[in-house]
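Novice: So here's run34.cif, just mmCIF, C-alpha atoms:
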data_structure
loop_
_atom_site.label_atom_id
_atom_site.label_comp_id
_atom_site.auth_asym_id
_atom_site.auth_seq_id
_atom_site.Cartn_x
_atom_site.Cartn_y
_atom_site.Cartn_z
CA MET Q 289 16.49 -12.64 10.27
CA ASN Q 290 15.06 -10.98 7.16
CA SER Q 291 11.89 -8.93 7.09
CA ILE Q 292 9.66 -11.61 5.54
CA SER Q 293 10.31 -14.21 8.22
CA GLN Q 294 9.98 -11.48 10.85
CA ASN Q 295 6.55 -10.67 9.45
CA LYS Q 296 5.61 -14.34 9.47
CA MET Q 297 6.76 -14.60 13.09
CA LYS Q 298 4.63 -11.56 13.98
CA ASN Q 299 1.59 -13.06 12.22
CA PHE Q 300 2.10 -16.36 14.00
CA LYS Q 301 2.42 -14.63 17.37
CA SER Q 302 -0.78 -12.60 16.86
CA LEU Q 303 -2.57 -15.76 15.70
CA VAL Q 304 -1.54 -17.59 18.86
CA ALA Q 305 -2.49 -14.62 21.05
CA GLY Q 306 -5.89 -14.30 19.34
CA GLY Q 307 -6.53 -18.03 19.67
CA LEU Q 308 -5.69 -17.99 23.38
CA LEU Q 309 -7.93 -14.97 23.92
CA ALA Q 310 -10.83 -16.61 22.07
CA ALA Q 311 -10.32 -19.86 24.01
CA ALA Q 312 -10.24 -17.95 27.31
CA MET Q 313 -13.45 -16.09 26.43
CA LEU Q 314 -15.25 -19.26 25.34
CA THR Q 315 -14.15 -21.09 28.47
CA GLN Q 316 -15.45 -18.22 30.54
CA PHE Q 317 -18.84 -18.39 28.86
CA ILE Q 318 -19.15 -22.15 29.19
CA THR Q 319 -17.80 -22.64 32.71
CA ALA Q 320 -19.82 -19.84 34.21
CA HIS Q 321 -20.97 -22.03 37.07
CA ALA Q 322 -18.55 -20.60 39.63
CA VAL Q 323 -19.35 -16.99 38.69
CA LEU Q 324 -23.11 -17.38 38.56
CA ALA Q 325 -23.36 -19.30 41.84
CA GLN Q 326 -22.21 -16.26 43.82
CA GLY Q 327 -23.06 -12.60 43.95
CA PRO Q 328 -26.35 -10.73 44.19
CA ASN Q 329 -27.81 -12.18 40.95
CA ARG Q 330 -26.99 -15.79 41.80
CA VAL Q 331 -28.24 -18.48 39.48
CA VAL Q 332 -28.84 -22.02 40.73
CA CYS Q 333 -29.30 -24.66 38.07
CA GLY Q 334 -30.69 -28.16 38.32
CA ASP Q 335 -28.71 -31.41 38.04
CA ASN Q 336 -29.46 -31.88 34.35
CA GLN Q 337 -28.68 -28.26 33.47
CA VAL Q 338 -25.63 -26.22 32.49
CA ALA Q 339 -25.08 -22.61 33.62
CA VAL Q 340 -23.99 -20.12 30.96
CA ALA Q 341 -22.97 -16.48 31.44
CA ILE Q 342 -24.78 -15.31 28.28
CA PRO Q 343 -28.55 -15.68 28.66
CA ILE Q 344 -29.76 -17.99 25.88
CA ASN Q 345 -33.42 -17.32 25.04
CA GLY Q 346 -33.53 -15.32 28.28
CA GLN Q 347 -32.27 -18.16 30.49
CA ASN Q 348 -28.96 -18.81 32.21
CA CYS Q 349 -29.68 -22.51 32.75
CA ILE Q 350 -29.63 -24.80 29.72
CA ASP Q 351 -30.83 -28.40 29.75
CA LYS Q 352 -28.14 -30.96 28.97
CA GLY Q 353 -29.71 -32.14 25.74
CA THR Q 354 -28.66 -35.11 23.65
CA THR Q 355 -29.84 -33.83 20.25
CA LEU Q 356 -28.17 -31.10 18.21
CA GLU Q 357 -30.90 -28.50 18.83
CA THR Q 358 -30.72 -28.89 22.63
CA ASN Q 359 -26.94 -29.21 22.93
CA PRO Q 360 -25.66 -26.36 25.16
CA ILE Q 361 -22.52 -25.83 23.04
CA PHE Q 362 -24.59 -25.60 19.85
CA LEU Q 363 -27.00 -23.15 21.52
CA LEU Q 364 -24.07 -21.06 22.77
CA LEU Q 365 -22.46 -20.95 19.32
CA THR Q 366 -25.73 -19.96 17.59
CA THR Q 367 -26.26 -17.24 20.21
CA ILE Q 368 -22.79 -15.80 19.54
CA LEU Q 369 -23.40 -16.13 15.78
CA LYS Q 370 -26.66 -14.19 16.08
CA PHE Q 371 -24.88 -11.51 18.13
CA LEU Q 372 -22.09 -11.11 15.56
CA SER Q 373 -24.56 -11.17 12.63
CA VAL Q 374 -26.05 -7.86 13.75
CA GLY Q 375 -22.51 -6.49 13.95
CA VAL Q 376 -21.91 -7.23 10.25
CA GLY Q 377 -24.60 -4.75 9.25
CA VAL Q 378 -23.40 -2.15 11.75
CA ALA Q 379 -19.79 -2.47 10.55
CA ALA Q 380 -20.84 -2.30 6.89
CA VAL Q 381 -22.83 0.90 7.46
CA GLY Q 382 -19.86 2.35 9.36
CA GLY Q 383 -17.48 1.43 6.52
CA ILE Q 384 -19.71 3.02 3.87
CA VAL Q 385 -20.08 6.19 5.95
CA TYR Q 386 -16.28 6.36 6.33
CA GLY Q 387 -15.83 5.84 2.57
CA GLY Q 388 -18.39 8.54 1.84
CA TYR Q 389 -16.57 10.89 4.22
CA LEU Q 390 -13.28 10.22 2.38
CA TYR Q 391 -15.09 10.94 -0.90
CA LEU Q 392 -16.62 14.20 0.27
CA THR Q 393 -13.32 15.51 1.65
CA ALA Q 394 -11.45 14.58 -1.56
CA ARG Q 395 -11.94 18.05 -3.18
CA GLY Q 396 -11.52 16.64 -6.69
CA ASN Q 397 -8.28 14.83 -5.85
CA SER Q 398 -8.72 11.60 -7.83
CA SER Q 399 -6.41 9.46 -5.68
CA LYS Q 400 -8.37 10.34 -2.54
CA THR Q 401 -11.66 9.71 -4.38
CA THR Q 402 -10.41 6.27 -5.39
CA GLN Q 403 -9.51 5.55 -1.78
CA GLY Q 404 -13.08 6.35 -0.70
CA VAL Q 405 -14.59 4.22 -3.46
CA ILE Q 406 -12.31 1.28 -2.54
CA THR Q 407 -13.38 1.57 1.12
CA ILE Q 408 -17.06 1.45 0.10
CA ILE Q 409 -16.55 -1.50 -2.26
CA ASN Q 410 -14.66 -3.42 0.43
CA SER Q 411 -17.55 -2.90 2.89
CA LEU Q 412 -20.02 -4.23 0.33
CA VAL Q 413 -17.76 -7.22 -0.42
CA GLY Q 414 -17.71 -7.91 3.33
CA VAL Q 415 -21.51 -8.13 3.42
CA LEU Q 416 -21.40 -10.39 0.36
CA LEU Q 417 -18.86 -12.73 2.00
CA TYR Q 418 -20.97 -12.85 5.15
CA ALA Q 419 -23.97 -13.91 3.09
CA LEU Q 420 -21.84 -16.62 1.50
CA MET Q 421 -20.73 -17.82 4.95
CA PHE Q 422 -24.37 -17.87 6.04
CA ALA Q 423 -25.32 -19.99 3.02
CA ILE Q 424 -22.48 -22.46 3.67
CA ILE Q 425 -23.37 -22.85 7.37
CA ASN Q 426 -27.05 -23.37 6.55
CA PHE Q 427 -25.95 -26.03 4.03
CA LEU Q 428 -23.69 -27.82 6.51
CA VAL Q 429 -25.76 -27.75 9.72
CA PRO Q 430 -28.81 -30.04 9.69
CA GLY Q 431 -31.93 -27.95 10.30
CA GLY Q 432 -30.04 -24.72 9.70
CA VAL Q 433 -28.99 -22.00 12.11
CA LEU Q 434 -30.58 -18.60 12.71
CA GLN Q 435 -33.86 -19.91 11.25
CA MET W 195 -19.84 10.35 -18.46
CA ARG W 196 -18.77 11.41 -15.00
CA ARG W 197 -21.36 14.15 -14.99
CA LYS W 198 -24.15 11.73 -15.89
CA LEU W 199 -22.95 9.40 -13.15
CA SER W 200 -23.03 12.13 -10.54
CA ILE W 201 -26.55 13.18 -11.55
CA LEU W 202 -27.65 9.54 -11.33
CA VAL W 203 -26.11 9.19 -7.87
CA VAL W 204 -27.83 12.34 -6.63
CA VAL W 205 -31.26 11.27 -7.94
CA MET W 206 -30.83 7.77 -6.50
CA GLY W 207 -29.77 9.18 -3.15
CA LEU W 208 -32.73 11.52 -2.96
CA GLY W 209 -35.03 8.59 -3.67
CA LEU W 210 -33.42 6.53 -0.93
CA LEU W 211 -33.52 9.44 1.51
CA VAL W 212 -37.29 9.35 1.54
CA ASN W 213 -37.21 5.77 2.84
CA ALA W 214 -34.37 5.78 5.34
CA SER W 215 -32.55 8.78 6.69
CA SER W 216 -31.34 7.37 10.01
CA PRO W 217 -29.77 4.03 10.94
CA VAL W 218 -32.44 3.57 13.58
CA GLY W 219 -35.09 3.27 10.87
CA ALA W 220 -33.01 0.64 9.10
CA TYR W 221 -33.40 -1.84 11.91
CA ALA W 222 -37.18 -1.71 11.88
CA ALA W 223 -37.18 -5.18 10.30
CA SER W 224 -34.48 -6.62 12.56
CA PRO W 225 -34.96 -8.58 15.81
CA LEU W 226 -33.97 -5.41 17.68
CA SER W 227 -36.95 -3.45 16.33
CA HIS W 228 -38.93 -3.54 19.57
CA VAL W 229 -36.14 -1.66 21.33
CA ALA W 230 -34.86 0.44 18.42
CA ALA W 231 -38.33 1.94 18.04
CA THR W 232 -37.92 3.66 21.41
CA CYS W 233 -34.79 5.69 20.65
CA THR W 234 -35.04 8.89 22.67
CA GLY W 235 -32.76 11.28 24.45
CA SER W 236 -31.70 14.90 24.46
CA SER W 237 -29.30 15.78 21.67
CA PHE W 238 -26.49 18.25 21.13
CA PHE W 239 -26.31 19.57 17.53
CA GLY W 240 -28.53 16.65 16.55
CA PHE W 241 -26.05 14.10 17.92
CA PRO W 242 -27.94 11.52 19.99
CA PRO W 243 -26.40 10.30 23.28
CA TRP W 244 -24.83 6.82 23.28
CA TYR W 245 -27.64 5.32 25.38
CA ALA W 246 -30.45 6.73 23.19
CA CYS W 247 -31.63 3.32 21.92
CA LEU W 248 -31.09 1.27 25.10
CA PRO W 249 -34.05 0.19 27.23
CA ARG W 250 -34.43 2.24 30.43
CA ASP W 251 -35.15 1.39 34.03
CA SER W 252 -37.76 3.14 36.18
CA GLN W 253 -35.44 6.10 36.87
CA GLY W 254 -34.59 6.61 33.21
CA GLY W 255 -31.12 5.07 33.34
CA PRO W 256 -29.93 2.78 30.52
CA VAL W 257 -30.09 -1.00 31.08
CA LEU W 258 -27.85 -3.56 29.42
CA SER W 259 -29.50 -6.90 30.13
CA LYS W 260 -29.15 -8.84 26.89
CA LEU W 261 -26.14 -9.57 24.71
CA GLU W 262 -27.85 -8.27 21.57
CA ASP W 263 -28.51 -4.93 23.26
CA PHE W 264 -24.81 -4.05 23.00
CA TRP W 265 -25.34 -3.26 19.31
CA LEU W 266 -27.93 -0.65 20.28
CA ILE W 267 -24.98 1.49 21.42
CA ALA W 268 -23.70 1.44 17.83
CA PHE W 269 -26.83 2.99 16.31
CA PRO W 270 -26.44 6.46 17.90
CA LEU W 271 -22.72 6.37 17.01
CA LEU W 272 -23.54 5.66 13.35
CA GLU W 273 -26.14 8.42 13.36
CA THR W 274 -23.54 10.80 14.82
CA ALA W 275 -21.04 9.80 12.11
CA ILE W 276 -23.62 10.47 9.36
CA LYS W 277 -24.46 13.85 10.88
CA ILE W 278 -20.76 14.81 11.11
CA ALA W 279 -20.46 13.91 7.41
CA GLY W 280 -23.50 16.11 6.70
CA TYR W 281 -22.03 19.13 8.49
CA THR W 282 -18.68 18.60 6.75
CA ALA W 283 -20.39 18.37 3.36
CA VAL W 284 -22.19 21.68 3.97
CA GLY W 285 -18.82 23.22 4.85
CA PHE W 286 -17.19 21.88 1.68
CA VAL W 287 -20.06 23.10 -0.52
CA ILE W 288 -19.66 26.58 1.00
CA TRP W 289 -15.88 26.39 0.55
CA GLY W 290 -16.36 25.34 -3.11
CA GLY W 291 -18.75 28.24 -3.60
CA ILE W 292 -16.20 30.69 -2.19
CA LYS W 293 -13.51 29.25 -4.49
CA LEU W 294 -15.92 29.62 -7.45
CA THR W 295 -16.56 33.24 -6.51
CA LYS W 296 -12.86 34.00 -6.22
CA SER W 297 -11.90 32.23 -9.47
CA GLN W 298 -12.30 35.37 -11.67
CA GLY W 299 -13.11 33.28 -14.73
CA ASP W 300 -9.92 31.20 -14.56
CA PRO W 301 -10.96 27.82 -16.07
CA GLY W 302 -8.58 25.80 -13.85
CA GLN W 303 -9.87 27.33 -10.64
CA ILE W 304 -13.50 27.03 -11.80
CA SER W 305 -13.14 23.31 -12.50
CA GLY W 306 -11.36 22.81 -9.15
CA ALA W 307 -14.19 24.54 -7.29
CA ARG W 308 -16.81 22.54 -9.18
CA ASP W 309 -14.97 19.30 -8.34
CA THR W 310 -15.02 20.26 -4.66
CA ILE W 311 -18.78 20.84 -4.69
CA ARG W 312 -19.52 17.73 -6.75
CA ASP W 313 -17.43 15.44 -4.54
CA ALA W 314 -19.00 16.89 -1.40
CA ILE W 315 -22.51 16.18 -2.72
CA ILE W 316 -21.67 12.66 -3.93
CA GLY W 317 -19.97 11.79 -0.65
CA LEU W 318 -22.92 13.08 1.36
CA VAL W 319 -25.37 11.05 -0.72
CA ILE W 320 -23.25 7.93 -0.22
CA CYS W 321 -23.22 8.51 3.56
CA LEU W 322 -26.96 9.14 3.76
CA SER W 323 -27.84 6.12 1.62
CA SER W 324 -25.39 3.75 3.38
CA VAL W 325 -28.10 2.31 5.60
CA ALA W 326 -30.42 1.70 2.67
CA ILE W 327 -27.64 0.06 0.63
CA VAL W 328 -26.75 -2.40 3.39
CA GLN W 329 -30.42 -3.08 4.09
CA PHE W 330 -31.03 -3.76 0.39
CA LEU W 331 -28.07 -6.15 0.20
CA ALA W 332 -29.04 -7.94 3.40
CA SER W 333 -32.65 -8.40 2.29
CA ARG W 334 -31.80 -9.73 -1.17
CA LEU W 335 -28.94 -12.09 -0.36
#
Any chance you could put this one into structure tokens?
Specialist:
Amino acid sequence: MNSISQNKMKNFKSLVAGGLLAAAMLTQFITAHAVLAQGPNRVVCGDNQVAVAIPINGQNCIDKGTTLETNPIFLLLTTILKFLSVGVGVAAVGGIVYGGYLYLTARGNSSKTTQGVITIINSLVGVLLYALMFAIINFLVPGGVLQ
Amino acid sequence: MRRKLSILVVVMGLGLLVNASSPVGAYAASPLSHVAATCTGSSFFGFPPWYACLPRDSQGGPVLSKLEDFWLIAFPLLETAIKIAGYTAVGFVIWGGIKLTKSQGDPGQISGARDTIRDAIIGLVICLSSVAIVQFLASRL
């Protein structure tokens, strides 16, 4: 087996592992009924409600809505999207600080300086791509997400 | 050209510094502002503790009740990273100064020492203005 197909195999394996992990996490969030019904902080939901592990708008019980805005899955996805949106800014600031650190420890070495500048530019491109993603999602979803 | 660029970067950075010098200030406009405004805690060398921005219970212990609050742990870490960069930059400026003193008029050594100092200052300005850059991008896009 040559190195290229080995690499592809590795990529495929990590993709499958990541997908399984994400699926497991999502299932955990959605089917939180068993977890929330026990323990000291037990949550009891009504017949027309769904229990979720992440509090959505401060509540663990979500009404089983029929429209898009009241759909529990949609609410869960927008909650996760809001959570990760804050992380984009945090990660971008962290990337720029790391790039600046590489720059300030370069001591006039131009290859190290370039490395720092590339790190900073990549962080900024990441913010740009996030904004693009945001625009596309707001275009696709009726009513928009994240208001 | 490079000299002009570095002067521009320094002036820009000083202007930005007036507005935002800590990541905590950058989130004043974000949904987390009501909690981020209450960042307190004893510090070691100016490094805030990891729970500095988290809401507290009646005994002063940190509380993680909401999903969004997990990012409040990142703010003190970013502030620590910026402060480490600041201390390192001071060290490199001093090191560049020592090299300049020891150069004895040798043009190669002088330019090397000046490069060290210049890069340290530019890198520090980039680190300090990182919050303002991201905030600017996020507000305009």
Novice: Against chain W, which residues of chain Q fall within 9 Å? For each one I want the closest pair of atoms and the distance in Å (one decimal), counting only C-alpha atoms, rows by chain and increasing residue number, as JSON lines.
Specialist:
{"residue": "Q:Ile342", "atom": "CA", "partner": "W:Leu261", "partner_atom": "CA", "distance": 6.9}
{"residue": "Q:Pro343", "atom": "CA", "partner": "W:Lys260", "partner_atom": "CA", "distance": 7.1}
{"residue": "Q:Gly346", "atom": "CA", "partner": "W:Lys260", "partner_atom": "CA", "distance": 7.9}
{"residue": "Q:Thr367", "atom": "CA", "partner": "W:Leu261", "partner_atom": "CA", "distance": 8.9}
{"residue": "Q:Ile368", "atom": "CA", "partner": "W:Leu261", "partner_atom": "CA", "distance": 8.8}
{"residue": "Q:Lys370", "atom": "CA", "partner": "W:Glu262", "partner_atom": "CA", "distance": 8.2}
{"residue": "Q:Phe371", "atom": "CA", "partner": "W:Glu262", "partner_atom": "CA", "distance": 5.6}
{"residue": "Q:Leu372", "atom": "CA", "partner": "W:Glu262", "partner_atom": "CA", "distance": 8.8}
{"residue": "Q:Val374", "atom": "CA", "partner": "W:Trp265", "partner_atom": "CA", "distance": 7.3}
{"residue": "Q:Gly375", "atom": "CA", "partner": "W:Trp265", "partner_atom": "CA", "distance": 6.9}
{"residue": "Q:Gly377", "atom": "CA", "partner": "W:Val328", "partner_atom": "CA", "distance": 6.7}
{"residue": "Q:Val378", "atom": "CA", "partner": "W:Ala268", "partner_atom": "CA", "distance": 7.1}
{"residue": "Q:Ala380", "atom": "CA", "partner": "W:Val328", "partner_atom": "CA", "distance": 6.9}
{"residue": "Q:Val381", "atom": "CA", "partner": "W:Ser324", "partner_atom": "CA", "distance": 5.6}
{"residue": "Q:Gly382", "atom": "CA", "partner": "W:Leu272", "partner_atom": "CA", "distance": 6.4}
{"residue": "Q:Gly383", "atom": "CA", "partner": "W:Ser324", "partner_atom": "CA", "distance": 8.8}
{"residue": "Q:Ile384", "atom": "CA", "partner": "W:Ser324", "partner_atom": "CA", "distance": 5.7}
{"residue": "Q:Val385", "atom": "CA", "partner": "W:Cys321", "partner_atom": "CA", "distance": 4.6}
{"residue": "Q:Tyr386", "atom": "CA", "partner": "W:Cys321", "partner_atom": "CA", "distance": 7.8}
{"residue": "Q:Gly387", "atom": "CA", "partner": "W:Cys321", "partner_atom": "CA", "distance": 7.9}
{"residue": "Q:Gly388", "atom": "CA", "partner": "W:Gly317", "partner_atom": "CA", "distance": 4.4}
{"residue": "Q:Tyr389", "atom": "CA", "partner": "W:Ala279", "partner_atom": "CA", "distance": 5.9}
{"residue": "Q:Leu390", "atom": "CA", "partner": "W:Gly317", "partner_atom": "CA", "distance": 7.5}
{"residue": "Q:Tyr391", "atom": "CA", "partner": "W:Gly317", "partner_atom": "CA", "distance": 5.0}
{"residue": "Q:Leu392", "atom": "CA", "partner": "W:Ala314", "partner_atom": "CA", "distance": 4.0}
{"residue": "Q:Thr393", "atom": "CA", "partner": "W:Ala314", "partner_atom": "CA", "distance": 6.6}
{"residue": "Q:Ala394", "atom": "CA", "partner": "W:Asp313", "partner_atom": "CA", "distance": 6.7}
{"residue": "Q:Arg395", "atom": "CA", "partner": "W:Thr310", "partner_atom": "CA", "distance": 4.1}
{"residue": "Q:Gly396", "atom": "CA", "partner": "W:Asp309", "partner_atom": "CA", "distance": 4.7}
{"residue": "Q:Asn397", "atom": "CA", "partner": "W:Asp309", "partner_atom": "CA", "distance": 8.4}
{"residue": "Q:Thr401", "atom": "CA", "partner": "W:Asp313", "partner_atom": "CA", "distance": 8.1}
{"residue": "Q:Gly404", "atom": "CA", "partner": "W:Gly317", "partner_atom": "CA", "distance": 8.8}
{"residue": "Q:Ile408", "atom": "CA", "partner": "W:Ile320", "partner_atom": "CA", "distance": 9.0}
{"residue": "Q:Leu412", "atom": "CA", "partner": "W:Val328", "partner_atom": "CA", "distance": 7.6}
{"residue": "Q:Val415", "atom": "CA", "partner": "W:Ala332", "partner_atom": "CA", "distance": 7.5}
{"residue": "Q:Leu416", "atom": "CA", "partner": "W:Leu335", "partner_atom": "CA", "distance": 7.8}
{"residue": "Q:Ala419", "atom": "CA", "partner": "W:Leu335", "partner_atom": "CA", "distance": 6.3}
{"residue": "Q:Leu420", "atom": "CA", "partner": "W:Leu335", "partner_atom": "CA", "distance": 8.6}
Novice: Just to confirm, what's the straight-line distance from CA of Val413 (chain Q) to CA of Leu369 (chain Q) in Å (one decimal)?
Specialist: 19.3 Å
Novice: Separation of CA of Leu364 (chain Q) and CA of Ala246 (chain W), in Å?
Specialist: 28.5 Å
Novice: Would you mind reading off the distance between CA of Val340 (chain Q) and CA of Gly353 (chain Q), one decimal, in Å?
Specialist: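 Computed distance, CA of Val340 (chain Q) to CA of Gly353 (chain Q), equals 14.3 Å.
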Novice: May I have the residues within 12 Å of Thr355 (chain Q) as a list in words, using all atoms listed in the file and disregarding those fewer than 6 positions away in the same chain?
Specialist: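 Those residues are Ile361, Phe362, Leu363, Pro430 and Gly431 of chain Q.
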Novice: Neighbourhood query: residues within 6 Å of (-28.0, 0.9, 25.7), file coordinates, counting all atoms listed in the file; return as an mmCIF file with C-alpha atoms, in the frame of the given file.
Specialist:
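Below you can see result-v1.cif, which holds the result:
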data_model
loop_
_atom_site.group_PDB
_atom_site.id
_atom_site.type_symbol
_atom_site.label_atom_id
_atom_site.label_comp_id
_atom_site.auth_asym_id
_atom_site.auth_seq_id
_atom_site.Cartn_x
_atom_site.Cartn_y
_atom_site.Cartn_z
ATOM 1 C CA TYR W 245 -27.640 5.320 25.380
ATOM 2 C CA CYS W 247 -31.630 3.320 21.920
ATOM 3 C CA LEU W 248 -31.090 1.270 25.100
ATOM 4 C CA PRO W 256 -29.930 2.780 30.520
ATOM 5 C CA LEU W 258 -27.850 -3.560 29.420
ATOM 6 C CA LEU W 266 -27.930 -0.650 20.280
ATOM 7 C CA ILE W 267 -24.980 1.490 21.420
#
